[in-house]
Structures are given as C-alpha cells and as structure tokens.
$ cat final.pdb   # PDB, C-alpha atoms and all ligand atoms
ATOM      1  CA  MET A  55      16.581  87.636 -26.242
ATOM      2  CA  ALA A  56      15.872  84.030 -25.224
ATOM      3  CA  ASP A  57      17.582  81.262 -27.184
ATOM      4  CA  PRO A  58      15.001  80.211 -29.837
ATOM      5  CA  THR A  59      16.299  76.635 -30.043
ATOM      6  CA  PRO A  60      16.847  75.252 -26.560
ATOM      7  CA  ASN A  61      19.267  72.355 -26.391
ATOM      8  CA  LEU A  62      16.977  69.766 -24.812
ATOM      9  CA  GLN A  63      19.726  67.226 -24.142
ATOM     10  CA  GLU A  64      21.769  69.830 -22.261
ATOM     11  CA  VAL A  65      18.691  70.864 -20.272
ATOM     12  CA  HIS A  66      17.878  67.211 -19.504
ATOM     13  CA  ASP A  67      21.396  66.396 -18.336
ATOM     14  CA  PHE A  68      21.533  69.450 -16.072
ATOM     15  CA  LEU A  69      18.117  68.722 -14.533
ATOM     16  CA  PHE A  70      19.163  65.088 -14.007
ATOM     17  CA  THR A  71      22.142  66.118 -11.863
ATOM     18  CA  LEU A  72      20.101  68.780 -10.049
ATOM     19  CA  ALA A  73      17.499  66.149  -9.141
ATOM     20  CA  ILE A  74      20.163  64.057  -7.443
ATOM     21  CA  ARG A  75      21.471  67.074  -5.490
ATOM     22  CA  ALA A  76      17.924  67.959  -4.455
ATOM     23  CA  GLY A  77      17.286  64.343  -3.476
ATOM     24  CA  THR A  78      20.191  64.425  -1.024
ATOM     25  CA  MET A  79      18.757  67.569   0.574
ATOM     26  CA  ILE A  80      15.354  65.876   0.908
ATOM     27  CA  THR A  81      16.559  62.563   2.321
ATOM     28  CA  SER A  82      18.890  64.271   4.783
ATOM     29  CA  ALA A  83      16.129  66.564   6.095
ATOM     30  CA  ASN A  84      14.220  65.313   9.081
ATOM     31  CA  PRO A  85      10.557  66.040   8.344
ATOM     32  CA  ALA A  86       9.828  65.985  12.063
ATOM     33  CA  LEU A  87      12.259  68.904  12.489
ATOM     34  CA  SER A  88      11.310  70.796   9.312
ATOM     35  CA  PRO A  89       8.799  73.468  10.416
ATOM     36  CA  VAL A  90       5.461  73.075   8.587
ATOM     37  CA  ASP A  91       3.420  76.056   7.405
ATOM     38  CA  THR A  92      -0.014  75.994   5.848
ATOM     39  CA  LYS A  93      -0.901  77.842   2.649
ATOM     40  CA  LYS A  94      -4.562  77.925   1.542
ATOM     41  CA  ASN A  95      -5.843  75.745   4.410
ATOM     42  CA  SER A  96      -4.771  73.091   6.912
ATOM     43  CA  SER A  97      -4.307  70.433   4.205
ATOM     44  CA  ASP A  98      -2.139  72.640   1.942
ATOM     45  CA  LEU A  99       1.347  72.296   3.449
ATOM     46  CA  VAL A 100       4.831  73.683   2.895
ATOM     47  CA  THR A 101       8.058  72.994   4.816
ATOM     48  CA  GLU A 102      11.441  74.683   5.098
ATOM     49  CA  THR A 103      12.800  71.830   2.954
ATOM     50  CA  ASP A 104      10.401  72.644   0.070
ATOM     51  CA  LYS A 105      11.680  76.244   0.171
ATOM     52  CA  ALA A 106      15.381  75.336   0.495
ATOM     53  CA  VAL A 107      15.202  72.871  -2.421
ATOM     54  CA  GLU A 108      13.369  75.354  -4.656
ATOM     55  CA  ASP A 109      15.945  77.992  -3.754
ATOM     56  CA  MET A 110      18.867  75.729  -4.682
ATOM     57  CA  VAL A 111      17.206  74.621  -7.941
ATOM     58  CA  SER A 112      16.149  78.096  -9.070
ATOM     59  CA  SER A 113      19.538  79.688  -8.355
ATOM     60  CA  SER A 114      21.372  76.837 -10.143
ATOM     61  CA  LEU A 115      19.073  77.145 -13.163
ATOM     62  CA  LYS A 116      19.372  80.925 -13.254
ATOM     63  CA  SER A 117      23.139  80.776 -13.326
ATOM     64  CA  LYS A 118      23.291  77.998 -15.967
ATOM     65  CA  PHE A 119      20.405  79.224 -18.193
ATOM     66  CA  PRO A 120      20.035  82.937 -17.361
ATOM     67  CA  SER A 121      17.615  83.750 -20.197
ATOM     68  CA  TYR A 122      15.021  81.076 -19.326
ATOM     69  CA  SER A 123      12.009  81.738 -17.109
ATOM     70  CA  PHE A 124      11.258  79.895 -13.882
ATOM     71  CA  LEU A 125       7.891  78.774 -12.490
ATOM     72  CA  GLY A 126       8.223  77.174  -9.056
ATOM     73  CA  GLU A 127       5.544  76.039  -6.637
ATOM     74  CA  GLU A 128       6.895  77.984  -3.671
ATOM     75  CA  THR A 129       7.667  81.261  -5.455
ATOM     76  CA  SER A 130       5.124  81.577  -8.263
ATOM     77  CA  THR A 131       2.276  83.992  -7.681
ATOM     78  CA  SER A 132       0.071  82.971 -10.634
ATOM     79  CA  GLY A 133       0.875  79.419 -11.756
ATOM     80  CA  HIS A 134       0.579  80.575 -15.373
ATOM     81  CA  LEU A 135       2.858  79.342 -18.083
ATOM     82  CA  THR A 136       3.922  81.674 -20.917
ATOM     83  CA  SER A 137       5.336  80.693 -24.310
ATOM     84  CA  ALA A 138       8.898  81.574 -23.164
ATOM     85  CA  PRO A 139      11.360  78.750 -22.456
ATOM     86  CA  THR A 140      10.470  77.951 -18.847
ATOM     87  CA  PHE A 141      11.549  75.607 -16.085
ATOM     88  CA  ILE A 142       8.558  74.336 -14.100
ATOM     89  CA  VAL A 143       9.569  73.013 -10.687
ATOM     90  CA  ASP A 144       7.906  71.378  -7.723
ATOM     91  CA  PRO A 145      10.670  70.952  -5.120
ATOM     92  CA  ILE A 146       8.698  68.321  -3.179
ATOM     93  CA  ASP A 147       5.638  66.891  -4.879
ATOM     94  CA  GLY A 148       3.926  65.068  -2.062
ATOM     95  CA  THR A 149       4.640  67.521   0.765
ATOM     96  CA  THR A 150       1.901  65.943   2.882
ATOM     97  CA  ASN A 151       3.619  62.557   2.536
ATOM     98  CA  PHE A 152       6.978  64.183   3.379
ATOM     99  CA  VAL A 153       5.532  65.720   6.550
ATOM    100  CA  HIS A 154       4.229  62.282   7.580
ATOM    101  CA  ALA A 155       7.528  60.579   6.620
ATOM    102  CA  HIS A 156       5.674  58.548   3.981
ATOM    103  CA  PRO A 157       8.234  57.975   1.215
ATOM    104  CA  TYR A 158       5.980  58.516  -1.855
ATOM    105  CA  ILE A 159       7.406  61.916  -2.807
ATOM    106  CA  SER A 160       9.395  63.339  -5.679
ATOM    107  CA  ILE A 161      11.128  66.371  -7.019
ATOM    108  CA  SER A 162       9.479  67.222 -10.328
ATOM    109  CA  MET A 163      11.181  69.421 -12.937
ATOM    110  CA  ALA A 164      10.016  70.147 -16.466
ATOM    111  CA  PHE A 165      11.259  72.375 -19.230
ATOM    112  CA  ALA A 166       8.570  73.852 -21.478
ATOM    113  CA  TYR A 167       8.782  75.919 -24.625
ATOM    114  CA  GLU A 168       5.805  77.553 -26.353
ATOM    115  CA  CYS A 169       3.648  76.179 -23.494
ATOM    116  CA  ARG A 170       4.618  72.589 -24.316
ATOM    117  CA  PRO A 171       6.585  70.470 -21.838
ATOM    118  CA  LEU A 172       9.604  69.008 -23.674
ATOM    119  CA  VAL A 173      11.832  67.647 -20.920
ATOM    120  CA  GLY A 174      10.663  65.939 -17.738
ATOM    121  CA  ILE A 175      12.575  64.679 -14.689
ATOM    122  CA  VAL A 176      10.813  63.123 -11.688
ATOM    123  CA  TYR A 177      12.960  61.719  -8.875
ATOM    124  CA  ASN A 178      11.925  59.880  -5.730
ATOM    125  CA  PRO A 179      15.102  60.085  -3.615
ATOM    126  CA  PHE A 180      13.836  57.484  -1.125
ATOM    127  CA  THR A 181      13.538  54.724  -3.745
ATOM    128  CA  GLN A 182      16.182  56.330  -5.999
ATOM    129  CA  HIS A 183      13.836  55.928  -8.939
ATOM    130  CA  LEU A 184      14.584  58.651 -11.475
ATOM    131  CA  TYR A 185      12.152  59.011 -14.389
ATOM    132  CA  HIS A 186      13.333  61.108 -17.321
ATOM    133  CA  ALA A 187      12.253  61.967 -20.836
ATOM    134  CA  ILE A 188      13.030  64.300 -23.712
ATOM    135  CA  HIS A 189      10.374  65.003 -26.323
ATOM    136  CA  GLY A 190      10.834  62.580 -29.240
ATOM    137  CA  LYS A 191      13.500  60.484 -27.480
ATOM    138  CA  GLY A 192      11.521  58.126 -25.260
ATOM    139  CA  ALA A 193      10.978  57.883 -21.517
ATOM    140  CA  PHE A 194      13.259  56.026 -19.120
ATOM    141  CA  LEU A 195      13.526  54.871 -15.539
ATOM    142  CA  THR A 196      17.018  54.901 -14.054
ATOM    143  CA  ALA A 197      16.991  52.958 -10.798
ATOM    144  CA  PRO A 198      19.155  50.710  -8.639
ATOM    145  CA  SER A 199      19.633  47.365 -10.359
ATOM    146  CA  ILE A 200      17.634  44.395  -9.229
ATOM    147  CA  PRO A 201      20.066  42.229  -7.219
ATOM    148  CA  THR A 202      21.043  39.192  -9.296
ATOM    149  CA  SER A 203      20.233  36.858  -6.423
ATOM    150  CA  HIS A 204      16.548  37.732  -6.899
ATOM    151  CA  PRO A 205      14.433  36.086  -9.565
ATOM    152  CA  PRO A 206      13.791  38.514 -12.433
ATOM    153  CA  LEU A 207      10.586  40.508 -12.024
ATOM    154  CA  PRO A 208       7.968  39.506 -14.603
ATOM    155  CA  SER A 209       7.359  43.096 -15.764
ATOM    156  CA  HIS A 210      10.978  43.670 -16.858
ATOM    157  CA  GLY A 211      11.126  42.253 -20.389
ATOM    158  CA  GLU A 212      14.815  41.444 -21.068
ATOM    159  CA  SER A 213      14.928  43.241 -24.401
ATOM    160  CA  ASN A 214      13.704  46.351 -22.610
ATOM    161  CA  VAL A 215      16.607  46.558 -20.171
ATOM    162  CA  GLU A 216      19.710  48.572 -20.952
ATOM    163  CA  PRO A 217      22.444  48.515 -18.261
ATOM    164  CA  VAL A 218      24.138  51.897 -17.624
ATOM    165  CA  VAL A 219      26.516  51.471 -14.661
ATOM    166  CA  SER A 220      26.951  48.373 -12.582
ATOM    167  CA  ALA A 221      24.670  49.570  -9.767
ATOM    168  CA  TYR A 222      21.951  51.147 -11.884
ATOM    169  CA  THR A 223      19.722  50.043 -14.720
ATOM    170  CA  ARG A 224      18.187  52.290 -17.309
ATOM    171  CA  THR A 225      14.890  50.877 -18.555
ATOM    172  CA  ARG A 226      12.732  52.246 -21.340
ATOM    173  CA  LEU A 227       9.100  52.881 -20.396
ATOM    174  CA  PRO A 228       6.542  51.396 -20.397
ATOM    175  CA  LEU A 229       7.947  48.420 -18.524
ATOM    176  CA  LYS A 230       5.835  45.970 -20.540
ATOM    177  CA  SER A 231       6.544  46.226 -24.223
ATOM    178  CA  PRO A 232       4.391  46.083 -26.259
ATOM    179  CA  ALA A 233       1.967  47.701 -23.807
ATOM    180  CA  PRO A 234      -1.119  45.485 -23.393
ATOM    181  CA  PRO A 235      -4.438  46.866 -24.659
ATOM    182  CA  LEU A 236      -6.658  48.708 -22.179
ATOM    183  CA  GLN A 237      -9.605  46.594 -21.106
ATOM    184  CA  GLY A 238     -12.011  49.285 -20.025
ATOM    185  CA  LEU A 239     -12.783  50.791 -16.640
ATOM    186  CA  LYS A 240     -14.011  47.519 -15.138
ATOM    187  CA  GLN A 241     -10.497  46.097 -15.385
ATOM    188  CA  ALA A 242      -8.684  49.317 -14.494
ATOM    189  CA  LEU A 243      -6.543  50.469 -11.576
ATOM    190  CA  VAL A 244      -7.066  54.226 -11.361
ATOM    191  CA  ALA A 245      -5.317  56.968  -9.346
ATOM    192  CA  ILE A 246      -7.358  59.839  -7.984
ATOM    193  CA  GLU A 247      -6.431  62.545  -5.476
ATOM    194  CA  TRP A 248      -8.521  64.320  -2.845
ATOM    195  CA  GLY A 249      -6.700  67.670  -3.207
ATOM    196  CA  ASN A 250      -7.024  70.482  -0.699
ATOM    197  CA  GLU A 251     -10.436  71.931  -1.658
ATOM    198  CA  ARG A 252     -12.879  70.104   0.606
ATOM    199  CA  SER A 253     -16.225  71.715  -0.225
ATOM    200  CA  GLY A 254     -18.081  73.286  -3.143
ATOM    201  CA  ASN A 255     -18.577  72.243  -6.766
ATOM    202  CA  ASN A 256     -15.143  70.659  -7.303
ATOM    203  CA  TRP A 257     -15.394  68.631  -4.101
ATOM    204  CA  GLU A 258     -18.832  67.360  -5.087
ATOM    205  CA  THR A 259     -17.679  66.542  -8.616
ATOM    206  CA  LYS A 260     -14.716  64.615  -7.251
ATOM    207  CA  THR A 261     -16.505  62.658  -4.544
ATOM    208  CA  LYS A 262     -19.473  61.778  -6.786
ATOM    209  CA  THR A 263     -17.087  60.709  -9.540
ATOM    210  CA  PHE A 264     -15.045  58.572  -7.120
ATOM    211  CA  SER A 265     -18.271  56.841  -6.168
ATOM    212  CA  SER A 266     -19.314  56.466  -9.816
ATOM    213  CA  LEU A 267     -15.926  54.928 -10.677
ATOM    214  CA  ALA A 268     -15.873  52.512  -7.742
ATOM    215  CA  GLY A 269     -19.554  51.547  -7.282
ATOM    216  CA  ASP A 270     -20.970  48.308  -8.694
ATOM    217  CA  ASP A 271     -23.667  47.893 -11.379
ATOM    218  CA  SER A 272     -26.492  48.263  -8.878
ATOM    219  CA  THR A 273     -25.268  51.800  -8.068
ATOM    220  CA  GLY A 274     -24.808  52.683 -11.744
ATOM    221  CA  GLY A 275     -21.038  52.659 -11.183
ATOM    222  CA  SER A 276     -18.166  51.387 -13.345
ATOM    223  CA  MET A 277     -16.692  49.188 -10.603
ATOM    224  CA  VAL A 278     -13.023  49.755 -11.443
ATOM    225  CA  HIS A 279     -10.650  47.195  -9.927
ATOM    226  CA  SER A 280      -9.758  49.890  -7.401
ATOM    227  CA  LEU A 281      -8.878  53.524  -6.773
ATOM    228  CA  ARG A 282      -5.501  54.685  -5.414
ATOM    229  CA  SER A 283      -4.761  58.015  -3.762
ATOM    230  CA  LEU A 284      -0.999  58.111  -3.288
ATOM    231  CA  GLY A 285      -0.231  61.817  -2.850
ATOM    232  CA  SER A 286       2.190  62.801  -5.606
ATOM    233  CA  ALA A 287       0.784  63.843  -8.971
ATOM    234  CA  ALA A 288       4.213  63.533 -10.582
ATOM    235  CA  LEU A 289       4.728  59.957  -9.354
ATOM    236  CA  ASN A 290       1.150  59.079 -10.333
ATOM    237  CA  CYS A 291       2.009  60.167 -13.893
ATOM    238  CA  CYS A 292       5.186  58.050 -13.761
ATOM    239  CA  ALA A 293       3.189  55.015 -12.589
ATOM    240  CA  VAL A 294       0.899  55.511 -15.608
ATOM    241  CA  ALA A 295       4.013  55.810 -17.822
ATOM    242  CA  ARG A 296       5.381  52.560 -16.356
ATOM    243  CA  GLY A 297       2.038  50.883 -17.024
ATOM    244  CA  ASP A 298       1.374  50.071 -13.327
ATOM    245  CA  LEU A 299      -1.701  52.311 -13.303
ATOM    246  CA  ASP A 300      -4.181  52.414 -16.170
ATOM    247  CA  ALA A 301      -5.307  56.005 -15.600
ATOM    248  CA  TYR A 302      -4.995  58.996 -13.289
ATOM    249  CA  TRP A 303      -7.698  61.661 -12.953
ATOM    250  CA  GLU A 304      -7.228  64.868 -11.001
ATOM    251  CA  GLY A 305      -8.454  68.414 -10.652
ATOM    252  CA  GLY A 306      -6.843  71.181  -8.631
ATOM    253  CA  CYS A 307      -3.162  70.539  -9.103
ATOM    254  CA  TRP A 308      -0.828  72.844 -11.025
ATOM    255  CA  ALA A 309       1.642  72.863 -13.911
ATOM    256  CA  TRP A 310       4.531  72.081 -11.511
ATOM    257  CA  ASP A 311       2.735  68.925 -10.329
ATOM    258  CA  VAL A 312       2.178  67.483 -13.820
ATOM    259  CA  GLY A 313       4.591  69.234 -16.250
ATOM    260  CA  ALA A 314       7.421  66.704 -15.960
ATOM    261  CA  GLY A 315       5.136  63.667 -15.703
ATOM    262  CA  TRP A 316       3.366  64.850 -18.859
ATOM    263  CA  VAL A 317       6.492  64.425 -21.034
ATOM    264  CA  ILE A 318       7.285  61.086 -19.394
ATOM    265  CA  VAL A 319       3.748  59.785 -20.027
ATOM    266  CA  GLU A 320       3.654  60.953 -23.646
ATOM    267  CA  GLU A 321       7.093  59.543 -24.379
ATOM    268  CA  ALA A 322       5.969  56.219 -22.898
ATOM    269  CA  GLY A 323       3.072  56.136 -25.381
ATOM    270  CA  GLY A 324       0.402  57.453 -22.992
ATOM    271  CA  LYS A 325      -1.961  60.369 -23.414
ATOM    272  CA  VAL A 326      -2.899  63.413 -21.351
ATOM    273  CA  VAL A 327      -6.319  64.970 -21.938
ATOM    274  CA  GLY A 328      -8.452  67.296 -19.836
ATOM    275  CA  GLY A 329     -10.294  66.283 -16.685
ATOM    276  CA  ASN A 330     -13.660  67.311 -18.160
ATOM    277  CA  GLU A 331     -15.467  65.678 -21.073
ATOM    278  CA  GLY A 332     -14.336  66.810 -24.530
ATOM    279  CA  GLU A 333     -11.078  68.454 -23.440
ATOM    280  CA  TRP A 334      -8.859  66.799 -26.013
ATOM    281  CA  LYS A 335      -6.198  69.506 -25.986
ATOM    282  CA  PRO A 336      -5.582  70.475 -22.350
ATOM    283  CA  ASN A 337      -3.201  73.199 -21.230
ATOM    284  CA  VAL A 338      -0.367  72.236 -18.905
ATOM    285  CA  ASP A 339      -1.594  74.905 -16.487
ATOM    286  CA  GLY A 340      -5.264  73.926 -16.989
ATOM    287  CA  ARG A 341      -5.532  72.315 -13.505
ATOM    288  CA  ARG A 342      -7.631  69.262 -14.494
ATOM    289  CA  TYR A 343      -6.236  66.209 -16.200
ATOM    290  CA  LEU A 344      -6.936  62.663 -17.277
ATOM    291  CA  VAL A 345      -3.786  60.633 -17.919
ATOM    292  CA  VAL A 346      -4.061  57.235 -19.627
ATOM    293  CA  ARG A 347      -1.284  54.704 -20.107
ATOM    294  CA  GLY A 348       0.221  53.609 -23.408
ATOM    295  CA  ALA A 349      -1.663  50.685 -24.881
ATOM    296  CA  GLU A 350      -1.933  48.691 -28.069
ATOM    297  CA  GLY A 351      -5.112  49.908 -29.739
ATOM    298  CA  GLY A 352      -4.793  53.412 -28.240
ATOM    299  CA  GLN A 353      -6.641  55.218 -25.462
ATOM    300  CA  GLU A 354      -9.652  56.779 -27.181
ATOM    301  CA  GLU A 355     -12.244  54.247 -26.024
ATOM    302  CA  MET A 356     -11.008  54.407 -22.432
ATOM    303  CA  ILE A 357     -11.059  58.227 -22.459
ATOM    304  CA  HIS A 358     -14.685  58.284 -23.666
ATOM    305  CA  GLU A 359     -15.661  55.690 -21.068
ATOM    306  CA  PHE A 360     -13.916  57.669 -18.316
ATOM    307  CA  TRP A 361     -15.518  60.963 -19.306
ATOM    308  CA  GLY A 362     -18.867  59.125 -19.289
ATOM    309  CA  ALA A 363     -18.290  58.203 -15.621
ATOM    310  CA  LEU A 364     -17.752  61.825 -14.517
ATOM    311  CA  ARG A 365     -20.412  63.296 -12.251
ATOM    312  CA  GLY A 366     -20.206  67.079 -12.699
ATOM    313  CA  LYS A 367     -17.685  69.494 -14.136
ATOM    314  CA  LEU A 368     -14.374  70.595 -12.604
ATOM    315  CA  GLU A 369     -13.974  74.386 -12.521
ATOM    316  CA  TYR A 370     -10.759  75.680 -11.026
ATOM    317  CA  GLU A 371      -9.507  79.251 -10.907
ATOM    318  CA  GLN A 372      -6.881  79.645 -13.600
TER
HETATM  319  C1  LIG B 401       0.221  67.910  -4.385
HETATM  320  C2  LIG B 401       0.336  66.486  -4.860
HETATM  321  C3  LIG B 401      -1.016  65.789  -4.730
HETATM  322  C4  LIG B 401      -2.093  66.526  -5.474
HETATM  323  C5  LIG B 401      -2.176  67.971  -5.028
HETATM  324  C6  LIG B 401      -0.820  68.632  -5.168
HETATM  325  P1  LIG B 401       2.347  69.190  -3.398
HETATM  326  O1  LIG B 401       1.447  68.574  -4.594
HETATM  327  O2  LIG B 401       0.735  66.424  -6.191
HETATM  328  O3  LIG B 401      -0.935  64.502  -5.257
HETATM  329  O4  LIG B 401      -3.319  65.915  -5.226
HETATM  330  O5  LIG B 401      -3.130  68.623  -5.844
HETATM  331  O6  LIG B 401      -0.915  69.958  -4.698
HETATM  332  O7  LIG B 401       1.529  70.268  -2.758
HETATM  333  O8  LIG B 401       2.646  68.080  -2.468
HETATM  334  O9  LIG B 401       3.538  69.722  -4.090
END

$ encode --input "final.pdb" --output "structure tokens"
Amino acid sequence: MADPTPNLQEVHDFLFTLAIRAGTMITSANPALSPVDTKKNSSDLVTETDKAVEDMVSSSLKSKFPSYSFLGEETSTSGHLTSAPTFIVDPIDGTTNFVHAHPYISISMAFAYECRPLVGIVYNPFTQHLYHAIHGKGAFLTAPSIPTSHPPLPSHGESNVEPVVSAYTRTRLPLKSPAPPLQGLKQALVAIEWGNERSGNNWETKTKTFSSLAGDDSTGGSMVHSLRSLGSAALNCCAVARGDLDAYWEGGCWAWDVGAGWVIVEEAGGKVVGGNEGEWKPNVDGRRYLVVRGAEGGQEEMIHEFWGALRGKLEYEQ
C-alpha cells in the first residue's frame, strides 16, 4: 500500500537534484541533432531529448519511491490524475522553443497527493534558474548570484535575499515583498499561449479573448499593457510567482505543464482558478487555467475583471 504520509521535504530534495541532472542532459543535447517528431499535429512536437529525460526521471523516481505513481507527458495515455501520491513530469516544457534553440524552456516536476500538487520544481537549465516550493513552506528561486560588480537590481529587496552557497542565491518569492496591489487589467502584463489547436471553438475563444484583452476602449477591449506568449506554461507560472507577470491565462495544456508551477504560485501568494468564468476550484488536470500573482488586497477583483473579458468558453477533452 502507498505511504499515506509522504515526506514532502524528502520528495522536494530528490526532485531538486533530479532537475539538475536533467538540466545537464538538456543543455548538452544539440536540438539541431535531436530528431523531432510530431504528435497531434505539426505544432505539437517531441524530441529524442524529451523522451530520454523522461526516461531518466521516471526510472530514478521508480527506484527511489517505488509505491508512488508517475504521470509523464511522453508516456501518459490519459493525462488524468488520481488521488494516489503521484509525480507529474514534463521533461521539457517548451519543446517548440527547444527545437528552435530558444532558451525559454524548463523541466517541470510536481508531486501531488489526493489530486493536490504539494511539491513543485521548475528548472530552466539555460539560465540556471531553479524555482521550488513545498506546500506550506514558501516558494523560492535558487539562481546564480548577481555579480557584486553590478548595481543591485531594484526588484531584489535586501531583506528578501538569503545566500546559500557563494555562487548561488536563494530568494523567497515573490521578488517584491510586500507584493504591490493589482491595478486592474489596464495596468497588467498578461501571458497567453496559442497552443496547438488552431481551429474550432477553443481557437475562436482564445483569439477573440486575446483581442478583447489587448484592444482599446473603442473596440470594447481592456487594453492591457501587453500580452506575452513565451512558450513554457511552467515558466509562465514562475514569472507570475516572481511578480514579473500579473496574470497568465491558458487553455489546452495539461497537468504536467502546470502542476509544479501551481505550488510555486500558491506558495508565493498567488492564486490559480479556472480558465472559464466561475471556476473557483479548478482541477490540476482541468486543462484551462487563470493564474494571478500575489498581491496586497488579493486577486478577487482582478479575477472577476479577467473573466469579464473572456469571449466564449474553453472546452477541452478531459
Ligand atoms: C507546451 C507549453 C506551452 C503551452 C502548451 C504546452 P510542451 O508544453 O507549456 O506553453 O502553450 O499548451 O503543451 O509541449 O512544450 O511540453
């Protein structure tokens, strides 16, 4: 029988070291030489490196935690999470970026129990930014230290910085503490993603909503500061956790894209709700999400305003 009380610190520490091993595999692979296959269509990509990393991670996890389940992007047939203790892994989140040698990619690993993500690790091996969180213990960014010859960056409040080893700094998220209040959509920087469904109801809902978010008053739009489409759901969540992005809205991605980022966002004071109006309690495998950063005064007003800007309803196969 599965262990009823998973040791979250032990799980976190193991995933942390696995992320670094996986990162070395990713940075030493040459995307130009890694054969690319398509899955659902020509914009849904997978490489030999995705498969090799998932293989290494799943076999390491199976030997260390043999009673826990595993849900991985390249091997799962359903994408469904059960209430069993489960590792949820995307070996390369941002495969399209990887194929184009664009360095906005990550390995994303979560541990969930009773369908709730409790540990999250997201690592971009190109920037060596490692985001990590355990439920109830805060979210952190471990990254190469800022060279002392540089002026300090304004977003790193001194009291928020905790040195770990000489070359790395461990910083509690969000980077600005206390997190400034949200100022509504008009002042917001928002991440969206195009996804790989390019026709039908979900495509129309997305493209009309993008236009409604970006358009000015004369179009009936919210005129956000801007929209960003960066290509890694996990890193988008981490940018919201940092406080660099105000919100991230997406439909079509899976539990392995958002599971780890979810814990990191929540532990940084942010909130994850559903991508459709009224979905206050989304499932991790629900495939449509609105992620809002931590803020003094909370996120409720922003969530209502965002849902009011939606044009249609996202309906993905579960
Ligand atoms: C994709 C990325 C992308 C999101 C897609 C995902 P993958 O993950 O997270 O940002 O828009 O829905 O499939 O395929 O690169 O692991």

$ closest_atom_pairs --input "final.pdb" --of "chain A" --to "ligand LIG 401 (chain B)" --cutoff "8 Å" --atoms "all atoms listed in the file" --output "CSV"
residue,atom,partner,partner_atom,distance
A:Asp98,CA,B:LIG401,O7,6.4
A:Leu99,CA,B:LIG401,O7,6.5
A:Val100,CA,B:LIG401,O7,7.4
A:Glu127,CA,B:LIG401,O9,7.1
A:Asp144,CA,B:LIG401,O9,5.9
A:Pro145,CA,B:LIG401,O9,7.3
A:Ile146,CA,B:LIG401,O9,5.4
A:Asp147,CA,B:LIG401,O9,3.6
A:Gly148,CA,B:LIG401,O8,3.3
A:Thr149,CA,B:LIG401,O8,3.8
A:Thr150,CA,B:LIG401,O8,5.8
A:Asn151,CA,B:LIG401,O8,7.5
A:Ile159,CA,B:LIG401,O8,7.8
A:Ile246,CA,B:LIG401,O4,7.8
A:Glu247,CA,B:LIG401,O4,4.6
A:Trp248,CA,B:LIG401,O4,5.9
A:Gly249,CA,B:LIG401,O4,4.3
A:Asn250,CA,B:LIG401,O5,6.7
A:Ser283,CA,B:LIG401,O3,7.7
A:Leu284,CA,B:LIG401,O3,6.7
A:Gly285,CA,B:LIG401,O3,3.7
A:Ser286,CA,B:LIG401,O3,3.6
A:Ala287,CA,B:LIG401,O2,3.8
A:Ala288,CA,B:LIG401,O2,6.3
A:Asn290,CA,B:LIG401,O3,7.7
A:Glu304,CA,B:LIG401,O4,7.1
A:Gly305,CA,B:LIG401,O5,7.2
A:Gly306,CA,B:LIG401,O5,5.3
A:Cys307,CA,B:LIG401,O5,3.8
A:Trp308,CA,B:LIG401,O6,7.0
A:Trp310,CA,B:LIG401,O9,7.8
A:Asp311,CA,B:LIG401,O2,5.2
A:Val312,CA,B:LIG401,O2,7.8

$ resolve_selection --input "final.pdb" --expression "the PyMOL selection byres (((chain A and resi 351) around 12) and not hetatm)" --output "list of chain:residue names"
A:Pro232, A:Ala233, A:Pro234, A:Pro235, A:Leu236, A:Gln237, A:Gly238, A:Gly323, A:Gly324, A:Arg347, A:Gly348, A:Ala349, A:Glu350, A:Gly352, A:Gln353, A:Glu354, A:Glu355, A:Met356

$ resolve_selection --input "final.pdb" --expression "the PyMOL selection byres (((chain A and resi 163) around 10) and not hetatm)" --output "PyMOL selection string"
chain A and resi 66+69-70+72-73+111+125-126+141-145+160-162+164-166+173-177+186+288+310-315

$ atom_distance --input "final.pdb" --atom1 "CA of Tyr302 in chain A" --atom2 "CA of Ile318 in chain A"
13.9 Å

$ atom_distance --input "final.pdb" --atom1 "CA of Gly275 in chain A" --atom2 "CA of Thr263 in chain A"
9.1 Å

$ resolve_selection --input "final.pdb" --expression "the PyMOL selection byres (((chain A and resi 336-338) around 8) and not hetatm)" --output "PyMOL selection string"
chain A and resi 135+169-171+308-309+312-313+326-328+333-335+339-341+343

$ atom_distance --input "final.pdb" --atom1 "CA of Val244 in chain A" --atom2 "CA of Ser265 in chain A"
12.6 Å

$ residues_around --input "final.pdb" --residues "Thr129 in chain A" --least-positions-apart "4" --cutoff "10 Å" --atoms "only C-alpha atoms" --output "PDB file with C-alpha atoms, keeping the file's coordinate frame"
ATOM      1  CA  LYS A 105      11.680  76.244   0.171  1.00  0.00           C
ATOM      2  CA  GLU A 108      13.369  75.354  -4.656  1.00  0.00           C
ATOM      3  CA  ASP A 109      15.945  77.992  -3.754  1.00  0.00           C
ATOM      4  CA  SER A 112      16.149  78.096  -9.070  1.00  0.00           C
ATOM      5  CA  PHE A 124      11.258  79.895 -13.882  1.00  0.00           C
ATOM      6  CA  LEU A 125       7.891  78.774 -12.490  1.00  0.00           C
ATOM      7  CA  GLY A 133       0.875  79.419 -11.756  1.00  0.00           C
ATOM      8  CA  VAL A 143       9.569  73.013 -10.687  1.00  0.00           C
TER       9      VAL A 143
END

$ residues_around --input "final.pdb" --residues "Gly254 in chain A" --least-positions-apart "4" --cutoff "12 Å" --atoms "all atoms listed in the file" --output "list in words"
Asn250, Glu258, Thr259, Lys260, Thr261, Gly366, Lys367, Leu368, Glu369 and Tyr370 of chain A

$ residues_around --input "final.pdb" --residues "Leu195 in chain A" --least-positions-apart "2" --cutoff "6 Å" --atoms "all atoms listed in the file" --output "list in words"
Leu184, Tyr185, Arg224 and Thr225 of chain A

$ closest_residue --input "final.pdb" --among "A:Asn61, A:Leu289, A:Phe180, A:Asp67" --to "Ser82 in chain A" --atoms "only C-alpha atoms"
A:Phe180

$ closest_residue --input "final.pdb" --among "A:Ser121, A:Thr92, A:Tyr158, A:Pro179" --to "Thr78 in chain A" --atoms "only C-alpha atoms"
A:Pro179

$ decode --input "final.pdb" --residues "range 231-245 of chain A" --atoms "C-alpha atoms" --output "PDB file, in the first residue's frame"
ATOM      1  CA  SER A 231       7.740  41.942  -0.754  1.00  0.00           C
ATOM      2  CA  PRO A 232       5.120  43.001   0.151  1.00  0.00           C
ATOM      3  CA  ALA A 233       3.651  42.310  -3.295  1.00  0.00           C
ATOM      4  CA  PRO A 234       2.121  45.513  -4.709  1.00  0.00           C
ATOM      5  CA  PRO A 235      -1.659  45.572  -5.193  1.00  0.00           C
ATOM      6  CA  LEU A 236      -3.029  44.596  -8.605  1.00  0.00           C
ATOM      7  CA  GLN A 237      -4.188  47.618 -10.560  1.00  0.00           C
ATOM      8  CA  GLY A 238      -6.646  46.000 -12.915  1.00  0.00           C
ATOM      9  CA  LEU A 239      -6.306  44.734 -16.465  1.00  0.00           C
ATOM     10  CA  LYS A 240      -5.447  48.147 -17.910  1.00  0.00           C
ATOM     11  CA  GLN A 241      -2.172  48.128 -15.987  1.00  0.00           C
ATOM     12  CA  ALA A 242      -1.460  44.418 -16.418  1.00  0.00           C
ATOM     13  CA  LEU A 243       1.178  42.390 -18.246  1.00  0.00           C
ATOM     14  CA  VAL A 244      -0.516  39.112 -19.153  1.00  0.00           C
ATOM     15  CA  ALA A 245       0.821  35.812 -20.552  1.00  0.00           C
TER      16      ALA A 245
END
